[in-house]
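The file target-v8.csv contains CSV, N, CA and C atoms:
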chain,number,residue,atom,x,y,z
A,1,MET,N,67.3,-34.1,54.2
A,1,MET,CA,68.7,-34.1,54.7
A,1,MET,C,69.6,-34.4,53.5
A,2,THR,N,70.7,-33.6,53.4
A,2,THR,CA,71.7,-33.8,52.4
A,2,THR,C,73.0,-34.3,53.0
A,3,THR,N,73.7,-35.2,52.5
A,3,THR,CA,74.9,-35.7,53.0
A,3,THR,C,76.0,-35.6,52.0
A,4,ALA,N,77.1,-35.0,52.4
A,4,ALA,CA,78.3,-34.9,51.5
A,4,ALA,C,79.4,-35.7,52.0
A,5,VAL,N,80.1,-36.4,51.1
A,5,VAL,CA,81.2,-37.3,51.5
A,5,VAL,C,82.5,-36.6,51.2
A,6,LEU,N,83.3,-36.4,52.2
A,6,LEU,CA,84.6,-35.8,52.0
A,6,LEU,C,85.7,-36.7,52.6
A,7,ALA,N,86.6,-37.3,51.8
A,7,ALA,CA,87.7,-38.1,52.3
A,7,ALA,C,87.2,-39.1,53.3
A,8,GLY,N,86.1,-39.8,53.0
A,8,GLY,CA,85.7,-40.9,53.8
A,8,GLY,C,84.9,-40.6,55.0
A,9,ALA,N,84.6,-39.3,55.2
A,9,ALA,CA,83.8,-38.9,56.4
A,9,ALA,C,82.5,-38.4,55.9
A,10,ALA,N,81.4,-38.6,56.6
A,10,ALA,CA,80.1,-38.2,56.2
A,10,ALA,C,79.8,-36.9,56.9
A,11,VAL,N,79.3,-35.9,56.2
A,11,VAL,CA,79.0,-34.6,56.8
A,11,VAL,C,77.5,-34.4,56.4
A,12,THR,N,76.6,-34.2,57.4
A,12,THR,CA,75.2,-34.0,57.2
A,12,THR,C,74.9,-32.5,57.2
A,13,ILE,N,74.2,-32.1,56.2
A,13,ILE,CA,73.9,-30.7,56.0
A,13,ILE,C,72.4,-30.5,55.9
A,14,GLY,N,71.9,-29.5,56.6
A,14,GLY,CA,70.5,-29.2,56.4
A,14,GLY,C,69.5,-30.3,56.9
A,15,ALA,N,69.7,-30.9,58.0
A,15,ALA,CA,68.9,-32.0,58.5
A,15,ALA,C,67.5,-31.5,58.7
A,16,ASN,N,66.6,-32.4,58.3
A,16,ASN,CA,65.1,-32.1,58.4
A,16,ASN,C,64.7,-32.7,59.7
A,17,SER,N,64.1,-31.9,60.6
A,17,SER,CA,63.7,-32.3,61.9
A,17,SER,C,62.5,-33.3,61.8
A,18,ALA,N,61.8,-33.3,60.7
A,18,ALA,CA,60.6,-34.1,60.6
A,18,ALA,C,61.0,-35.6,60.4
A,19,SER,N,62.2,-35.9,60.1
A,19,SER,CA,62.6,-37.3,59.9
A,19,SER,C,63.9,-37.5,60.6
A,20,ALA,N,63.9,-38.5,61.5
A,20,ALA,CA,65.2,-38.8,62.2
A,20,ALA,C,66.1,-39.7,61.4
A,21,ALA,N,67.3,-39.4,61.4
A,21,ALA,CA,68.3,-40.2,60.7
A,21,ALA,C,68.5,-41.5,61.4
A,22,PRO,N,68.7,-42.6,60.6
A,22,PRO,CA,68.9,-43.9,61.3
A,22,PRO,C,70.3,-44.0,61.9
A,23,ASN,N,70.4,-44.9,62.8
A,23,ASN,CA,71.7,-45.1,63.4
A,23,ASN,C,72.5,-46.1,62.6
A,24,VAL,N,73.5,-45.6,61.8
A,24,VAL,CA,74.2,-46.4,60.9
A,24,VAL,C,75.6,-46.6,61.4
A,25,ARG,N,76.1,-47.9,61.4
A,25,ARG,CA,77.4,-48.2,61.8
A,25,ARG,C,78.1,-49.1,60.8
A,26,PHE,N,79.4,-48.9,60.5
A,26,PHE,CA,80.1,-49.7,59.6
A,26,PHE,C,81.2,-50.5,60.3
A,27,MET,N,81.4,-51.8,60.1
A,27,MET,CA,82.5,-52.5,60.6
A,27,MET,C,83.3,-53.1,59.4
A,28,GLY,N,84.6,-52.8,59.3
A,28,GLY,CA,85.3,-53.2,58.1
A,28,GLY,C,86.7,-53.6,58.3
A,29,GLN,N,87.3,-54.2,57.2
A,29,GLN,CA,88.7,-54.6,57.2
A,29,GLN,C,89.1,-54.5,55.8
A,30,GLY,N,90.4,-54.3,55.6
A,30,GLY,CA,91.0,-54.3,54.3
A,30,GLY,C,91.8,-55.6,54.0
A,31,GLY,N,92.7,-55.5,53.1
A,31,GLY,CA,93.5,-56.7,52.7
A,31,GLY,C,93.2,-57.2,51.4
A,32,THR,N,93.5,-58.5,51.1
A,32,THR,CA,93.2,-59.1,49.8
A,32,THR,C,91.7,-59.5,49.8
A,33,TYR,N,91.1,-59.7,51.0
A,33,TYR,CA,89.7,-59.8,51.1
A,33,TYR,C,89.2,-58.7,52.0
A,34,GLY,N,88.6,-57.7,51.4
A,34,GLY,CA,88.1,-56.6,52.2
A,34,GLY,C,86.6,-56.8,52.4
A,35,ALA,N,86.1,-56.4,53.6
A,35,ALA,CA,84.7,-56.6,53.8
A,35,ALA,C,84.2,-55.4,54.8
A,36,ILE,N,83.1,-54.8,54.5
A,36,ILE,CA,82.5,-53.8,55.3
A,36,ILE,C,81.0,-54.2,55.5
A,37,THR,N,80.7,-54.5,56.8
A,37,THR,CA,79.3,-54.8,57.1
A,37,THR,C,78.6,-53.6,57.6
A,38,ILE,N,77.4,-53.4,57.1
A,38,ILE,CA,76.6,-52.2,57.4
A,38,ILE,C,75.5,-52.6,58.4
A,39,PHE,N,75.4,-51.9,59.5
A,39,PHE,CA,74.3,-52.1,60.5
A,39,PHE,C,73.5,-50.8,60.5
A,40,ILE,N,72.1,-51.0,60.4
A,40,ILE,CA,71.2,-49.9,60.5
A,40,ILE,C,70.3,-50.2,61.7
A,41,ASP,N,70.3,-49.2,62.6
A,41,ASP,CA,69.5,-49.4,63.8
A,41,ASP,C,69.8,-50.7,64.5
A,42,GLY,N,71.1,-51.1,64.5
A,42,GLY,CA,71.5,-52.3,65.2
A,42,GLY,C,71.3,-53.6,64.4
A,43,GLN,N,70.7,-53.6,63.3
A,43,GLN,CA,70.5,-54.8,62.5
A,43,GLN,C,71.5,-54.8,61.3
A,44,ALA,N,72.1,-56.0,61.0
A,44,ALA,CA,72.9,-56.2,59.9
A,44,ALA,C,72.1,-56.0,58.6
A,45,ALA,N,72.4,-54.9,57.9
A,45,ALA,CA,71.5,-54.6,56.7
A,45,ALA,C,72.2,-55.0,55.4
A,46,GLY,N,73.5,-55.1,55.4
A,46,GLY,CA,74.2,-55.5,54.1
A,46,GLY,C,75.7,-55.5,54.3
A,47,VAL,N,76.4,-55.8,53.2
A,47,VAL,CA,77.8,-55.9,53.2
A,47,VAL,C,78.3,-55.5,51.8
A,48,VAL,N,79.5,-54.9,51.9
A,48,VAL,CA,80.3,-54.7,50.6
A,48,VAL,C,81.6,-55.5,50.8
A,49,ASP,N,82.0,-56.2,49.7
A,49,ASP,CA,83.2,-56.9,49.9
A,49,ASP,C,84.0,-56.9,48.6
A,50,TRP,N,85.3,-57.1,48.8
A,50,TRP,CA,86.3,-57.1,47.7
A,50,TRP,C,87.1,-58.4,47.8
A,51,LYS,N,87.1,-59.1,46.7
A,51,LYS,CA,87.9,-60.4,46.6
A,51,LYS,C,89.0,-60.2,45.5
A,52,ALA,N,90.3,-60.2,46.0
A,52,ALA,CA,91.4,-60.1,45.0
A,52,ALA,C,91.4,-61.3,44.0
A,53,ASP,N,91.1,-62.5,44.6
A,53,ASP,CA,91.0,-63.7,43.7
A,53,ASP,C,89.8,-63.6,42.9
A,54,GLY,N,89.9,-63.1,41.6
A,54,GLY,CA,88.7,-62.9,40.8
A,54,GLY,C,88.4,-61.4,40.5
A,55,ASP,N,89.1,-60.5,41.3
A,55,ASP,CA,88.9,-59.1,41.1
A,55,ASP,C,87.4,-58.7,41.1
A,56,MET,N,86.7,-59.1,42.3
A,56,MET,CA,85.3,-58.9,42.3
A,56,MET,C,84.9,-58.0,43.5
A,57,LEU,N,84.1,-56.9,43.2
A,57,LEU,CA,83.5,-56.0,44.1
A,57,LEU,C,82.0,-56.4,44.2
A,58,ARG,N,81.5,-56.6,45.4
A,58,ARG,CA,80.0,-56.9,45.6
A,58,ARG,C,79.4,-56.0,46.6
A,59,ALA,N,78.1,-55.6,46.3
A,59,ALA,CA,77.3,-54.9,47.3
A,59,ALA,C,76.1,-55.9,47.5
A,60,VAL,N,75.8,-56.1,48.8
A,60,VAL,CA,74.8,-57.1,49.2
A,60,VAL,C,73.8,-56.4,50.1
A,61,ASP,N,72.5,-56.3,49.7
A,61,ASP,CA,71.5,-55.7,50.5
A,61,ASP,C,70.6,-56.9,51.1
A,62,ARG,N,70.6,-57.0,52.4
A,62,ARG,CA,70.0,-58.2,53.0
A,62,ARG,C,68.5,-58.0,53.4
A,63,GLY,N,68.1,-56.7,53.6
A,63,GLY,CA,66.8,-56.5,54.2
A,63,GLY,C,65.9,-55.6,53.3
A,64,SER,N,64.6,-55.9,53.4
A,64,SER,CA,63.6,-55.1,52.6
A,64,SER,C,63.2,-53.9,53.5
A,65,ASP,N,64.2,-53.0,53.7
A,65,ASP,CA,63.9,-51.8,54.6
A,65,ASP,C,63.9,-50.5,53.9
A,66,GLY,N,64.0,-50.5,52.6
A,66,GLY,CA,64.0,-49.3,51.8
A,66,GLY,C,65.4,-48.7,51.6
A,67,TYR,N,66.4,-49.2,52.2
A,67,TYR,CA,67.8,-48.7,52.1
A,67,TYR,C,68.5,-49.4,50.9
A,68,TYR,N,69.5,-48.8,50.3
A,68,TYR,CA,70.3,-49.5,49.3
A,68,TYR,C,71.8,-49.4,49.7
A,69,ILE,N,72.6,-50.3,49.2
A,69,ILE,CA,74.0,-50.4,49.5
A,69,ILE,C,74.8,-50.1,48.3
A,70,ASP,N,75.8,-49.2,48.4
A,70,ASP,CA,76.8,-49.0,47.4
A,70,ASP,C,78.2,-49.4,47.8
A,71,GLY,N,78.9,-50.0,47.0
A,71,GLY,CA,80.3,-50.3,47.2
A,71,GLY,C,81.2,-49.7,46.2
A,72,PHE,N,82.4,-49.2,46.6
A,72,PHE,CA,83.3,-48.5,45.7
A,72,PHE,C,84.7,-49.1,45.8
A,73,LEU,N,85.4,-49.2,44.7
A,73,LEU,CA,86.8,-49.5,44.6
A,73,LEU,C,87.5,-48.4,43.9
A,74,GLY,N,88.6,-47.8,44.5
A,74,GLY,CA,89.2,-46.6,44.0
A,74,GLY,C,90.1,-46.9,42.8
A,75,THR,N,89.6,-47.4,41.7
A,75,THR,CA,90.3,-47.6,40.5
A,75,THR,C,90.0,-46.4,39.6
A,76,SER,N,90.6,-46.3,38.4
A,76,SER,CA,90.3,-45.2,37.5
A,76,SER,C,89.7,-45.7,36.2
A,77,PRO,N,88.4,-45.5,36.0
A,77,PRO,CA,87.5,-44.8,36.8
A,77,PRO,C,87.1,-45.7,38.0
A,78,VAL,N,86.4,-45.0,39.0
A,78,VAL,CA,86.0,-45.7,40.3
A,78,VAL,C,85.0,-46.8,39.9
A,79,ARG,N,85.3,-48.0,40.4
A,79,ARG,CA,84.3,-49.1,40.2
A,79,ARG,C,83.3,-49.1,41.3
A,80,LYS,N,82.0,-49.3,40.9
A,80,LYS,CA,80.9,-49.2,41.8
A,80,LYS,C,80.0,-50.4,41.6
A,81,ALA,N,79.5,-51.0,42.8
A,81,ALA,CA,78.5,-52.0,42.8
A,81,ALA,C,77.3,-51.4,43.6
A,82,SER,N,76.1,-51.5,43.2
A,82,SER,CA,75.0,-50.9,43.9
A,82,SER,C,73.7,-51.7,43.8
A,83,THR,N,73.0,-51.7,44.9
A,83,THR,CA,71.7,-52.4,45.0
A,83,THR,C,70.6,-51.4,44.8
A,84,LYS,N,70.9,-50.2,44.5
A,84,LYS,CA,69.8,-49.1,44.3
A,84,LYS,C,68.9,-49.6,43.2
A,85,GLY,N,67.6,-49.4,43.4
A,85,GLY,CA,66.6,-49.8,42.4
A,85,GLY,C,66.2,-51.2,42.4
A,86,HIS,N,66.7,-52.0,43.3
A,86,HIS,CA,66.4,-53.5,43.3
A,86,HIS,C,65.7,-53.8,44.6
A,87,SER,N,64.8,-54.8,44.6
A,87,SER,CA,64.2,-55.3,45.8
A,87,SER,C,65.2,-56.2,46.5
A,88,ALA,N,65.2,-56.1,47.8
A,88,ALA,CA,66.1,-56.9,48.7
A,88,ALA,C,65.4,-58.2,49.0
A,89,PRO,N,66.1,-59.3,49.2
A,89,PRO,CA,67.6,-59.3,49.1
A,89,PRO,C,68.1,-59.2,47.7
A,90,HIS,N,69.2,-58.5,47.5
A,90,HIS,CA,69.8,-58.4,46.2
A,90,HIS,C,71.3,-58.2,46.3
A,91,THR,N,72.0,-58.8,45.4
A,91,THR,CA,73.5,-58.7,45.3
A,91,THR,C,73.9,-58.1,43.9
A,92,ASP,N,74.7,-57.1,43.9
A,92,ASP,CA,75.2,-56.5,42.6
A,92,ASP,C,76.7,-56.8,42.6
A,93,LYS,N,77.2,-57.3,41.5
A,93,LYS,CA,78.6,-57.6,41.3
A,93,LYS,C,79.2,-56.6,40.3
A,94,ALA,N,80.4,-56.2,40.6
A,94,ALA,CA,81.2,-55.4,39.6
A,94,ALA,C,82.5,-56.1,39.4
A,95,PRO,N,82.6,-57.0,38.5
A,95,PRO,CA,83.8,-57.7,38.2
A,95,PRO,C,84.7,-56.9,37.2
A,96,GLY,N,85.9,-57.3,37.1
A,96,GLY,CA,86.8,-56.7,36.1
A,96,GLY,C,88.2,-56.8,36.5
A,97,ASN,N,89.1,-57.2,35.6
A,97,ASN,CA,90.5,-57.4,35.9
A,97,ASN,C,91.1,-56.0,36.3
A,98,VAL,N,92.0,-56.1,37.4
A,98,VAL,CA,92.8,-54.9,37.8
A,98,VAL,C,94.2,-55.4,37.9
A,99,PRO,N,95.2,-54.5,37.7
A,99,PRO,CA,96.6,-54.9,37.8
A,99,PRO,C,96.9,-55.5,39.2
A,100,GLU,N,97.7,-56.6,39.1
A,100,GLU,CA,98.0,-57.3,40.4
A,100,GLU,C,99.0,-56.6,41.2
A,101,ASN,N,99.0,-57.0,42.5
A,101,ASN,CA,99.9,-56.5,43.5
A,101,ASN,C,99.9,-54.9,43.7
A,102,LYS,N,98.7,-54.4,43.6
A,102,LYS,CA,98.5,-52.9,43.8
A,102,LYS,C,97.5,-52.7,45.0
A,103,THR,N,97.6,-51.6,45.6
A,103,THR,CA,96.7,-51.2,46.7
A,103,THR,C,95.7,-50.2,46.2
A,104,TYR,N,94.4,-50.5,46.5
A,104,TYR,CA,93.3,-49.6,46.1
A,104,TYR,C,92.5,-49.2,47.4
A,105,THR,N,91.8,-48.1,47.3
A,105,THR,CA,90.9,-47.7,48.3
A,105,THR,C,89.6,-48.4,48.1
A,106,PHE,N,88.8,-48.6,49.2
A,106,PHE,CA,87.6,-49.4,49.2
A,106,PHE,C,86.7,-48.8,50.3
A,107,TRP,N,85.4,-48.6,49.9
A,107,TRP,CA,84.5,-48.0,50.9
A,107,TRP,C,83.1,-48.4,50.6
A,108,ALA,N,82.2,-48.3,51.6
A,108,ALA,CA,80.8,-48.6,51.4
A,108,ALA,C,79.9,-47.4,51.8
A,109,CYS,N,78.7,-47.3,51.2
A,109,CYS,CA,77.8,-46.3,51.6
A,109,CYS,C,76.4,-46.9,51.6
A,110,VAL,N,75.5,-46.3,52.4
A,110,VAL,CA,74.1,-46.7,52.5
A,110,VAL,C,73.2,-45.5,52.2
A,111,GLY,N,72.2,-45.7,51.5
A,111,GLY,CA,71.3,-44.6,51.2
A,111,GLY,C,69.8,-45.0,51.2
A,112,LYS,N,69.0,-44.0,51.2
A,112,LYS,CA,67.5,-44.2,51.2
A,112,LYS,C,66.9,-43.0,50.4
A,113,GLY,N,66.4,-43.4,49.2
A,113,GLY,CA,65.8,-42.3,48.4
A,113,GLY,C,66.9,-41.2,48.1
A,114,THR,N,66.4,-40.0,48.1
A,114,THR,CA,67.3,-38.9,48.0
A,114,THR,C,67.5,-38.1,49.3
A,115,SER,N,67.0,-38.6,50.4
A,115,SER,CA,67.0,-37.9,51.6
A,115,SER,C,68.1,-38.3,52.6
A,116,PHE,N,68.8,-39.5,52.3
A,116,PHE,CA,69.8,-40.0,53.3
A,116,PHE,C,70.9,-40.7,52.5
A,117,TYR,N,72.2,-40.4,52.8
A,117,TYR,CA,73.3,-41.1,52.2
A,117,TYR,C,74.5,-40.9,53.2
A,118,THR,N,75.1,-41.9,53.6
A,118,THR,CA,76.3,-41.8,54.4
A,118,THR,C,77.3,-43.0,54.1
A,119,CYS,N,78.6,-42.7,54.3
A,119,CYS,CA,79.6,-43.7,53.9
A,119,CYS,C,80.5,-44.1,55.1
A,120,SER,N,81.2,-45.2,54.9
A,120,SER,CA,82.1,-45.7,55.8
A,120,SER,C,83.4,-45.0,55.7
A,121,ASP,N,84.3,-45.3,56.6
A,121,ASP,CA,85.7,-44.9,56.4
A,121,ASP,C,86.3,-45.6,55.2
A,122,ILE,N,87.4,-45.2,54.8
A,122,ILE,CA,88.1,-45.8,53.6
A,122,ILE,C,89.1,-46.8,54.1
A,123,TYR,N,89.1,-48.0,53.5
A,123,TYR,CA,90.0,-49.0,53.8
A,123,TYR,C,90.9,-49.3,52.6
A,124,LYS,N,92.0,-49.9,52.8
A,124,LYS,CA,93.0,-50.3,51.8
A,124,LYS,C,92.8,-51.8,51.5
A,125,VAL,N,92.7,-52.1,50.2
A,125,VAL,CA,92.6,-53.5,49.8
A,125,VAL,C,93.7,-53.7,48.7
A,126,LYS,N,94.1,-55.0,48.5
A,126,LYS,CA,95.1,-55.3,47.6
A,126,LYS,C,94.5,-56.2,46.5
A,127,SER,N,95.2,-56.1,45.3
A,127,SER,CA,94.8,-57.0,44.2
A,127,SER,C,95.7,-58.2,44.1

Written form, C-alpha coordinates:
Amino acid sequence: MTTAVLAGAAVTIGANSASAAPNVRFMGQGGTYGAITIFIDGQAAGVVDWKADGDMLRAVDRGSDGYYIDGFLGTSPVRKASTKGHSAPHTDKAPGNVPENKTYTFWACVGKGTSFYTCSDIYKVKS
(Lines of atoms letter the chains of each structure in order from A and count residues from 1; the text may use other names and numbers.)
(Lines give C-alpha, C1' and ligand atoms only; values in the text may rest on other atoms or scores of the structure.)
Protein backbone atom coordinates (compact mmCIF):
# COMPACT_ATOMS: atom_id res chain seq x y z
CA MET A 1 0.00 0.00 0.00
CA THR A 2 1.26 3.48 -0.83
CA THR A 3 0.11 6.59 0.99
CA ALA A 4 0.48 10.13 -0.32
CA VAL A 5 0.11 13.13 1.95
CA LEU A 6 -1.57 16.21 0.49
CA ALA A 7 -2.28 19.27 2.61
CA GLY A 8 -2.53 17.26 5.81
CA ALA A 9 -4.84 14.57 4.44
CA ALA A 10 -3.76 11.00 3.86
CA VAL A 11 -4.73 9.38 0.58
CA THR A 12 -4.25 5.63 0.25
CA ILE A 13 -3.40 4.37 -3.23
CA GLY A 14 -3.14 0.77 -4.42
CA ALA A 15 -4.13 -0.97 -1.20
CA ASN A 16 -2.92 -4.55 -0.92
CA SER A 17 -5.78 -6.83 0.11
CA ALA A 18 -3.33 -9.29 1.71
CA SER A 19 -2.61 -6.88 4.58
CA ALA A 20 -5.20 -4.88 6.44
CA ALA A 21 -4.31 -1.30 7.33
CA PRO A 22 -4.31 -0.53 11.04
CA ASN A 23 -6.91 1.74 12.58
CA VAL A 24 -4.92 4.94 13.20
CA ARG A 25 -6.34 7.96 15.03
CA PHE A 26 -4.67 11.25 15.91
CA MET A 27 -5.72 13.58 18.74
CA GLY A 28 -4.00 16.95 18.70
CA GLN A 29 -3.83 20.56 19.77
CA GLY A 30 -1.80 23.58 18.72
CA GLY A 31 -0.54 26.64 20.60
CA THR A 32 2.76 27.30 22.36
CA TYR A 33 2.68 23.67 23.48
CA GLY A 34 1.46 21.50 20.62
CA ALA A 35 0.85 17.80 21.09
CA ILE A 36 -0.49 15.07 18.83
CA THR A 37 -1.13 11.65 20.34
CA ILE A 38 -1.16 8.69 17.94
CA PHE A 39 -3.43 5.72 18.58
CA ILE A 40 -2.98 2.48 16.62
CA ASP A 41 -5.80 -0.06 16.90
CA GLY A 42 -7.06 1.74 20.01
CA GLN A 43 -3.72 1.79 21.85
CA ALA A 44 -1.67 4.94 22.52
CA ALA A 45 1.40 4.27 20.36
CA GLY A 46 3.24 7.57 20.55
CA VAL A 47 3.19 11.32 20.62
CA VAL A 48 4.69 14.25 18.74
CA ASP A 49 5.05 17.49 20.65
CA TRP A 50 6.31 21.04 20.21
CA LYS A 51 7.47 23.21 23.09
CA ALA A 52 7.99 26.89 22.33
CA ASP A 53 10.02 27.27 25.54
CA GLY A 54 13.26 25.76 24.25
CA ASP A 55 12.12 25.41 20.61
CA MET A 56 11.95 21.61 20.83
CA LEU A 57 10.19 19.17 18.50
CA ARG A 58 9.97 15.57 19.78
CA ALA A 59 8.73 12.27 18.37
CA VAL A 60 8.07 9.57 20.97
CA ASP A 61 7.44 5.91 20.11
CA ARG A 62 6.03 4.08 23.12
CA GLY A 63 5.46 0.56 21.80
CA SER A 64 7.48 -2.25 20.24
CA ASP A 65 4.89 -2.76 17.52
CA GLY A 66 7.01 -2.18 14.40
CA TYR A 67 5.61 1.29 13.72
CA TYR A 68 7.64 4.49 13.79
CA ILE A 69 6.62 8.07 14.58
CA ASP A 70 7.58 11.18 12.59
CA GLY A 71 6.99 14.73 13.75
CA PHE A 72 7.27 17.82 11.56
CA LEU A 73 7.49 21.57 12.13
CA GLY A 74 6.87 23.79 9.08
CA THR A 75 10.07 25.80 9.21
CA SER A 76 12.32 26.36 6.20
CA PRO A 77 13.71 23.76 5.81
CA VAL A 78 11.06 21.59 7.50
CA ARG A 79 12.23 20.32 10.88
CA LYS A 80 11.76 16.58 11.46
CA ALA A 81 12.03 14.29 14.49
CA SER A 82 11.73 10.57 13.75
CA THR A 83 11.90 7.29 15.62
CA LYS A 84 12.41 5.31 12.39
CA GLY A 85 15.21 2.77 12.69
CA HIS A 86 15.18 2.73 16.51
CA SER A 87 13.82 0.14 18.91
CA ALA A 88 10.91 1.33 21.05
CA PRO A 89 10.54 2.91 23.43
CA HIS A 90 12.50 5.72 21.81
CA THR A 91 12.39 9.53 21.73
CA ASP A 92 13.97 11.63 18.99
CA LYS A 93 14.49 15.34 19.59
CA ALA A 94 14.91 18.06 16.97
CA PRO A 95 16.02 21.19 18.85
CA GLY A 96 16.95 24.49 17.28
CA ASN A 97 16.23 28.14 17.70
CA VAL A 98 13.37 29.63 15.66
CA PRO A 99 12.26 33.28 15.44
CA GLU A 100 9.98 34.20 18.34
CA ASN A 101 6.29 35.12 18.13
CA LYS A 102 5.72 33.33 14.81
CA THR A 103 3.16 30.72 13.83
CA TYR A 104 4.29 27.43 12.29
CA THR A 105 2.52 24.34 10.97
CA PHE A 106 2.93 21.14 12.95
CA TRP A 107 1.91 17.54 12.15
CA ALA A 108 2.59 13.90 12.98
CA CYS A 109 2.84 10.76 10.87
CA VAL A 110 3.06 7.05 11.61
CA GLY A 111 4.62 4.44 9.37
CA LYS A 112 5.62 0.81 9.16
CA GLY A 113 8.36 -0.26 6.78
CA THR A 114 7.62 0.93 3.26
CA SER A 115 4.05 -0.40 3.15
CA PHE A 116 2.18 2.03 5.41
CA TYR A 117 2.39 5.78 6.12
CA THR A 118 -0.36 8.17 7.22
CA CYS A 119 -0.40 11.64 8.75
CA SER A 120 -2.49 13.77 11.08
CA ASP A 121 -4.24 17.00 10.29
CA ILE A 122 -2.03 20.07 10.37
CA TYR A 123 -2.08 22.19 13.53
CA LYS A 124 -0.77 25.72 14.18
CA VAL A 125 1.85 26.21 16.88
CA LYS A 126 3.60 29.35 18.12
CA SER A 127 7.18 30.07 19.00

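With atom N of Arg62 of chain A on one side and atom C of Thr75 of chain A on the other, the separation reads 25.5 Å.
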
*Have a look at A:Trp107, A:Phe116, A:Tyr33, A:Phe39 and name the one nearest to Lys80 of chain A; count only C-alpha atoms.*
A:Trp107

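The nearest approach to Pro89 of chain A among the residues A:Ile69, A:Ala35, A:Ile122, A:Val110, with only C-alpha atoms taken into account, belongs to A:Ile69.
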
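What separates atom CA of Thr105 of chain A from atom N of Gly85 of chain A is a distance of 23.9 Å.
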
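Atom CA of Gly71 of chain A is positioned 7.6 Å from atom CA of Phe106 of chain A.
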
*Which residues in segment 57-123 of chain A does DSSP call strand (DSSP E or B)? List them as a VMD selection string.*
chain A and resid 57 to 61 68 to 73 79 to 82 90 to 95 103 to 112 116 to 119 123
